[in-house]
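Scroll down for the structure; my scribbles are underneath it.
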Amino acid sequence: MSDRAMRMPFLVGEHVYLRPLEAGDVAGAYAAWLNDYEVTRFLETGSYPSTPGTVATYVEQLTSTPDNVFLAIVEKGTDLHVGNVKLGPIHRVHRRADMGIMIGDRTRWGRGYGREAVALIVAYGFDRLNLHKIGLGVHADHEEAVRLYESLGFQVEGRLRGHLFRDGGYHDKLVMGVLREEFKA
């Protein structure tokens with residue numbers, strides 16, 4: 001298979017496309033992103049060091065089951081891997097899934113790539129996987145992320161008090177969800 005064939009987009013937006021993760025992604029910047037406190041500050045990962053080997057194991061575990069869709073976020077034009085987005089685990093009986101995202105390349109922050117990637121994966125979940133609901137968890141004080149999710153139709157469904165430890169203290173976690181009919185692409 002040619003290198004170009006491996007880089008075929010799965011979902012395409014205006015500025016980014018989503019494609020399956022490749023071995024080069026795991027060996028590349030991904031592990032470094034997980035070791036960058038600024039990248040992982042509002043994620044539930046990053047407390048322990050990551051290596052290309054631990055990242056490869058994690059990716060293999062996620063992608064070896066149809067219960068997860070784990071994709072690279074790639075900048076159009078440059079084909080630069082800038083982050084990842086995950087839908088899963090997917091609960092087929094209840095037609096729901098959880099979603100997570102990381103824009104790891106800090107030089108690409110603030111360009112709307114995260115919003116576009118979330119919109120692409122949520123639309124995919126509703127339109128192609130026939131999901132009814134997509135949920136996520138977010139640090140309550142990560143105001144930019146909360147606003148992004150709300151702009152796409154996500155609603156706060158609950159608050160887990162003192163649920164997350166960061167920066168020497170405990171912080172609340174918001175549980176958010178969007179139903180198919182609430183989604184604003």
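If you're wondering about the labels, chains in the structure tokens are A, B, ... by order shown, residues count from 1 in each chain, ligands from 1 in order shown.
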
Do you have, as a Markdown table, the list of residues of region 127-175 of chain A lying at most 10 Å from region 95-115 of chain A, each with its nearest atom pair and that distance in Å to one decimal, counting only C-alpha atoms and ordered by chain then number?
```
| residue | atom | partner | partner_atom | distance |
| --- | --- | --- | --- | --- |
| A:Leu129 | CA | A:Arg95 | CA | 8.4 |
| A:Asn130 | CA | A:Arg95 | CA | 7.0 |
| A:Leu131 | CA | A:Arg95 | CA | 4.5 |
| A:His132 | CA | A:Arg95 | CA | 5.3 |
| A:Lys133 | CA | A:Arg96 | CA | 4.7 |
| A:Ile134 | CA | A:Ala97 | CA | 5.0 |
| A:Gly135 | CA | A:Asp98 | CA | 4.6 |
| A:Leu136 | CA | A:Met99 | CA | 5.3 |
| A:Gly137 | CA | A:Gly100 | CA | 8.1 |
| A:Val138 | CA | A:Gly100 | CA | 9.2 |
| A:Ala145 | CA | A:Arg115 | CA | 9.1 |
| A:Leu148 | CA | A:Arg115 | CA | 6.5 |
| A:Tyr149 | CA | A:Arg115 | CA | 8.1 |
| A:Ser151 | CA | A:Arg115 | CA | 9.2 |
| A:Leu152 | CA | A:Arg115 | CA | 8.4 |
```

Find the spatial neighbours of Arg147 (chain A), counting only C-alpha atoms, within a cut-off of 12 Å - ignore same-chain residues fewer than 5 positions away - and output them as a VMD selection string. chain A and resid 115 138 to 142 152 to 156 176

Write the residues of the preceding selection, restricted to N, CA and C atoms, as a CSV table (one decimal), in the first residue's frame.
```
chain,number,residue,atom,x,y,z
A,115,ARG,N,-13.1,22.4,17.3
A,115,ARG,CA,-14.5,22.5,17.1
A,115,ARG,C,-14.9,21.7,15.8
A,138,VAL,N,-15.7,16.9,31.1
A,138,VAL,CA,-14.9,18.0,30.9
A,138,VAL,C,-14.6,18.7,32.2
A,139,HIS,N,-13.4,19.2,32.4
A,139,HIS,CA,-13.1,20.0,33.6
A,139,HIS,C,-14.0,21.2,33.6
A,140,ALA,N,-14.7,21.4,34.7
A,140,ALA,CA,-15.7,22.5,34.8
A,140,ALA,C,-15.1,23.8,34.6
A,141,ASP,N,-13.8,24.0,35.0
A,141,ASP,CA,-13.1,25.3,34.8
A,141,ASP,C,-12.4,25.4,33.5
A,142,HIS,N,-12.6,24.5,32.6
A,142,HIS,CA,-12.1,24.6,31.2
A,142,HIS,C,-13.1,25.3,30.4
A,152,LEU,N,-22.2,23.4,20.1
A,152,LEU,CA,-22.6,22.3,19.3
A,152,LEU,C,-23.9,21.6,19.8
A,153,GLY,N,-24.5,22.1,20.9
A,153,GLY,CA,-25.7,21.6,21.4
A,153,GLY,C,-25.6,20.7,22.6
A,154,PHE,N,-24.3,20.5,23.1
A,154,PHE,CA,-24.2,19.7,24.3
A,154,PHE,C,-24.8,20.5,25.5
A,155,GLN,N,-25.3,19.7,26.4
A,155,GLN,CA,-25.9,20.3,27.6
A,155,GLN,C,-25.2,19.7,28.9
A,156,VAL,N,-25.1,20.5,29.9
A,156,VAL,CA,-24.6,20.0,31.2
A,156,VAL,C,-25.6,19.1,31.8
A,176,MET,N,-21.5,16.1,30.2
A,176,MET,CA,-22.3,16.8,29.2
A,176,MET,C,-22.8,15.8,28.1
```

What's around region 28-34 of chain A at 12 Å? Count only C-alpha atoms, leave out sequence neighbours fewer than 5 positions away in its own chain, and write the answer as a ChimeraX atom specification. /A:21-23,39-59,72-73,80-84,102-107

Store the residues picked out above in a file with N, CA and C atoms, as a CSV table (one decimal), in the first residue's frame.
```csv
chain,number,residue,atom,x,y,z
A,21,LEU,N,-5.4,6.3,12.8
A,21,LEU,CA,-4.0,6.6,13.2
A,21,LEU,C,-3.1,5.6,12.6
A,22,GLU,N,-1.9,6.0,12.3
A,22,GLU,CA,-0.9,5.2,11.6
A,22,GLU,C,0.3,5.0,12.6
A,23,ALA,N,1.1,4.1,12.2
A,23,ALA,CA,2.3,3.8,13.1
A,23,ALA,C,3.2,5.0,13.2
A,39,VAL,N,-0.6,20.5,27.2
A,39,VAL,CA,-1.5,19.8,26.4
A,39,VAL,C,-2.5,18.9,27.2
A,40,THR,N,-2.0,18.3,28.3
A,40,THR,CA,-2.8,17.4,29.1
A,40,THR,C,-3.4,18.0,30.3
A,41,ARG,N,-3.2,19.3,30.5
A,41,ARG,CA,-3.7,19.9,31.8
A,41,ARG,C,-5.1,19.6,32.0
A,42,PHE,N,-6.0,19.7,31.0
A,42,PHE,CA,-7.4,19.5,31.2
A,42,PHE,C,-7.9,18.1,30.7
A,43,LEU,N,-6.9,17.1,30.6
A,43,LEU,CA,-7.3,15.8,30.2
A,43,LEU,C,-7.1,14.9,31.4
A,44,GLU,N,-7.6,13.7,31.4
A,44,GLU,CA,-7.4,12.7,32.4
A,44,GLU,C,-6.2,11.9,32.2
A,45,THR,N,-5.3,12.3,31.3
A,45,THR,CA,-4.1,11.6,31.1
A,45,THR,C,-2.9,12.5,31.3
A,46,GLY,N,-1.7,12.1,31.3
A,46,GLY,CA,-0.6,13.0,31.5
A,46,GLY,C,0.0,13.0,32.9
A,47,SER,N,-0.6,12.2,33.8
A,47,SER,CA,0.0,12.1,35.1
A,47,SER,C,1.2,11.3,35.2
A,48,TYR,N,1.4,10.3,34.3
A,48,TYR,CA,2.5,9.5,34.2
A,48,TYR,C,3.2,9.6,32.9
A,49,PRO,N,4.5,9.3,32.8
A,49,PRO,CA,5.2,9.5,31.5
A,49,PRO,C,4.7,8.5,30.5
A,50,SER,N,4.7,9.0,29.2
A,50,SER,CA,4.3,8.2,28.1
A,50,SER,C,5.5,7.9,27.2
A,51,THR,N,5.6,6.8,26.6
A,51,THR,CA,6.6,6.4,25.6
A,51,THR,C,5.9,6.0,24.3
A,52,PRO,N,6.6,6.0,23.2
A,52,PRO,CA,6.0,5.5,22.0
A,52,PRO,C,5.5,4.0,22.2
A,53,GLY,N,6.1,3.2,23.0
A,53,GLY,CA,5.6,1.9,23.3
A,53,GLY,C,4.3,1.9,24.0
A,54,THR,N,4.2,2.7,25.1
A,54,THR,CA,2.9,2.7,25.8
A,54,THR,C,1.8,3.3,25.0
A,55,VAL,N,2.1,4.3,24.2
A,55,VAL,CA,1.1,4.9,23.3
A,55,VAL,C,0.7,3.8,22.2
A,56,ALA,N,1.6,3.1,21.7
A,56,ALA,CA,1.3,2.1,20.7
A,56,ALA,C,0.4,1.0,21.3
A,57,THR,N,0.7,0.6,22.5
A,57,THR,CA,-0.2,-0.4,23.2
A,57,THR,C,-1.6,0.2,23.4
A,58,TYR,N,-1.7,1.4,23.8
A,58,TYR,CA,-3.0,2.1,24.0
A,58,TYR,C,-3.8,2.2,22.7
A,59,VAL,N,-3.1,2.6,21.6
A,59,VAL,CA,-3.8,2.7,20.3
A,59,VAL,C,-4.2,1.3,19.8
A,72,ALA,N,-7.0,10.2,13.9
A,72,ALA,CA,-6.1,11.3,13.9
A,72,ALA,C,-6.8,12.5,13.3
A,73,ILE,N,-6.5,13.7,13.9
A,73,ILE,CA,-6.9,15.0,13.3
A,73,ILE,C,-5.8,15.5,12.5
A,80,LEU,N,-0.4,17.5,8.3
A,80,LEU,CA,0.2,17.4,9.6
A,80,LEU,C,-0.8,16.9,10.7
A,81,HIS,N,-0.4,15.8,11.4
A,81,HIS,CA,-1.1,15.2,12.5
A,81,HIS,C,-1.1,16.2,13.6
A,82,VAL,N,-2.3,16.8,14.0
A,82,VAL,CA,-2.3,17.8,15.1
A,82,VAL,C,-3.0,17.4,16.3
A,83,GLY,N,-3.7,16.2,16.3
A,83,GLY,CA,-4.4,15.8,17.5
A,83,GLY,C,-5.2,14.5,17.2
A,84,ASN,N,-6.0,14.1,18.1
A,84,ASN,CA,-6.8,12.9,18.0
A,84,ASN,C,-8.2,13.1,18.5
A,102,MET,N,-8.2,15.6,21.7
A,102,MET,CA,-7.0,16.3,22.2
A,102,MET,C,-6.3,17.0,20.9
A,103,ILE,N,-6.1,18.2,21.0
A,103,ILE,CA,-5.3,18.9,20.0
A,103,ILE,C,-3.9,19.0,20.6
A,104,GLY,N,-3.0,18.2,20.2
A,104,GLY,CA,-1.7,18.0,20.8
A,104,GLY,C,-0.7,19.1,20.3
A,105,ASP,N,-0.8,19.5,19.1
A,105,ASP,CA,0.1,20.4,18.5
A,105,ASP,C,-0.3,21.9,19.0
A,106,ARG,N,0.4,22.4,20.0
A,106,ARG,CA,0.1,23.7,20.5
A,106,ARG,C,0.2,24.8,19.5
A,107,THR,N,1.0,24.6,18.5
A,107,THR,CA,1.0,25.7,17.5
A,107,THR,C,-0.2,25.8,16.6
```

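Distances from A:His15, A:His91, A:Lys76, A:Arg159 to Lys173 (chain A) were compared using only C-alpha atoms, and the smallest one belongs to A:Arg159.
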
Per DSSP on the backbone, filter chain A down to the residues in alpha helix (DSSP H) and report them as an MDAnalysis selection string. chainID A and resid 3:6 23:25 31:34 37:40 52:63 113:127 143:151

Dump as a PDB file, in the first residue's frame, selection limited to C-alpha atoms:
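Once written, result00.pdb looks like this:
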```pdb
ATOM      1  CA  ASP A   3       1.994   6.112   1.690  1.00  0.00           C
ATOM      2  CA  ARG A   4      -0.661   8.264   0.017  1.00  0.00           C
ATOM      3  CA  ALA A   5      -3.214   5.428   0.126  1.00  0.00           C
ATOM      4  CA  MET A   6      -2.619   5.089   3.871  1.00  0.00           C
ATOM      5  CA  ALA A  23       2.322   3.781  13.056  1.00  0.00           C
ATOM      6  CA  GLY A  24       4.115   7.022  12.203  1.00  0.00           C
ATOM      7  CA  ASP A  25       1.654   8.994  14.331  1.00  0.00           C
ATOM      8  CA  ALA A  31       3.892  10.538  22.967  1.00  0.00           C
ATOM      9  CA  ALA A  32       5.486  13.968  23.316  1.00  0.00           C
ATOM     10  CA  TRP A  33       2.038  15.575  23.472  1.00  0.00           C
ATOM     11  CA  LEU A  34       1.088  13.261  26.343  1.00  0.00           C
ATOM     12  CA  TYR A  37       1.618  19.451  30.746  1.00  0.00           C
ATOM     13  CA  GLU A  38       0.033  22.301  28.776  1.00  0.00           C
ATOM     14  CA  VAL A  39      -1.527  19.761  26.384  1.00  0.00           C
ATOM     15  CA  THR A  40      -2.759  17.368  29.087  1.00  0.00           C
ATOM     16  CA  PRO A  52       6.033   5.455  22.017  1.00  0.00           C
ATOM     17  CA  GLY A  53       5.640   1.880  23.299  1.00  0.00           C
ATOM     18  CA  THR A  54       2.920   2.696  25.843  1.00  0.00           C
ATOM     19  CA  VAL A  55       1.134   4.860  23.281  1.00  0.00           C
ATOM     20  CA  ALA A  56       1.311   2.063  20.675  1.00  0.00           C
ATOM     21  CA  THR A  57      -0.202  -0.380  23.184  1.00  0.00           C
ATOM     22  CA  TYR A  58      -3.011   2.073  24.009  1.00  0.00           C
ATOM     23  CA  VAL A  59      -3.795   2.699  20.332  1.00  0.00           C
ATOM     24  CA  GLU A  60      -3.769  -1.049  19.602  1.00  0.00           C
ATOM     25  CA  GLN A  61      -6.208  -1.706  22.456  1.00  0.00           C
ATOM     26  CA  LEU A  62      -8.598   1.009  21.262  1.00  0.00           C
ATOM     27  CA  THR A  63      -8.491   0.180  17.572  1.00  0.00           C
ATOM     28  CA  TYR A 113      -9.595  22.601  14.575  1.00  0.00           C
ATOM     29  CA  GLY A 114     -11.027  21.176  17.782  1.00  0.00           C
ATOM     30  CA  ARG A 115     -14.527  22.454  17.051  1.00  0.00           C
ATOM     31  CA  GLU A 116     -14.375  21.122  13.514  1.00  0.00           C
ATOM     32  CA  ALA A 117     -13.101  17.699  14.629  1.00  0.00           C
ATOM     33  CA  VAL A 118     -15.809  17.420  17.308  1.00  0.00           C
ATOM     34  CA  ALA A 119     -18.493  18.399  14.785  1.00  0.00           C
ATOM     35  CA  LEU A 120     -17.192  15.797  12.317  1.00  0.00           C
ATOM     36  CA  ILE A 121     -17.065  12.920  14.810  1.00  0.00           C
ATOM     37  CA  VAL A 122     -20.446  13.769  16.374  1.00  0.00           C
ATOM     38  CA  ALA A 123     -22.121  14.017  12.949  1.00  0.00           C
ATOM     39  CA  TYR A 124     -20.521  10.680  12.048  1.00  0.00           C
ATOM     40  CA  GLY A 125     -21.889   9.124  15.250  1.00  0.00           C
ATOM     41  CA  PHE A 126     -25.414  10.328  14.558  1.00  0.00           C
ATOM     42  CA  ASP A 127     -25.561  10.003  10.768  1.00  0.00           C
ATOM     43  CA  GLU A 143     -14.359  27.362  30.033  1.00  0.00           C
ATOM     44  CA  GLU A 144     -13.262  27.362  26.381  1.00  0.00           C
ATOM     45  CA  ALA A 145     -14.071  23.660  26.013  1.00  0.00           C
ATOM     46  CA  VAL A 146     -17.415  24.001  27.796  1.00  0.00           C
ATOM     47  CA  ARG A 147     -18.380  26.884  25.466  1.00  0.00           C
ATOM     48  CA  LEU A 148     -17.308  24.866  22.414  1.00  0.00           C
ATOM     49  CA  TYR A 149     -19.417  21.873  23.444  1.00  0.00           C
ATOM     50  CA  GLU A 150     -22.418  24.075  24.283  1.00  0.00           C
ATOM     51  CA  SER A 151     -22.156  25.767  20.876  1.00  0.00           C
TER      52      SER A 151
END
```
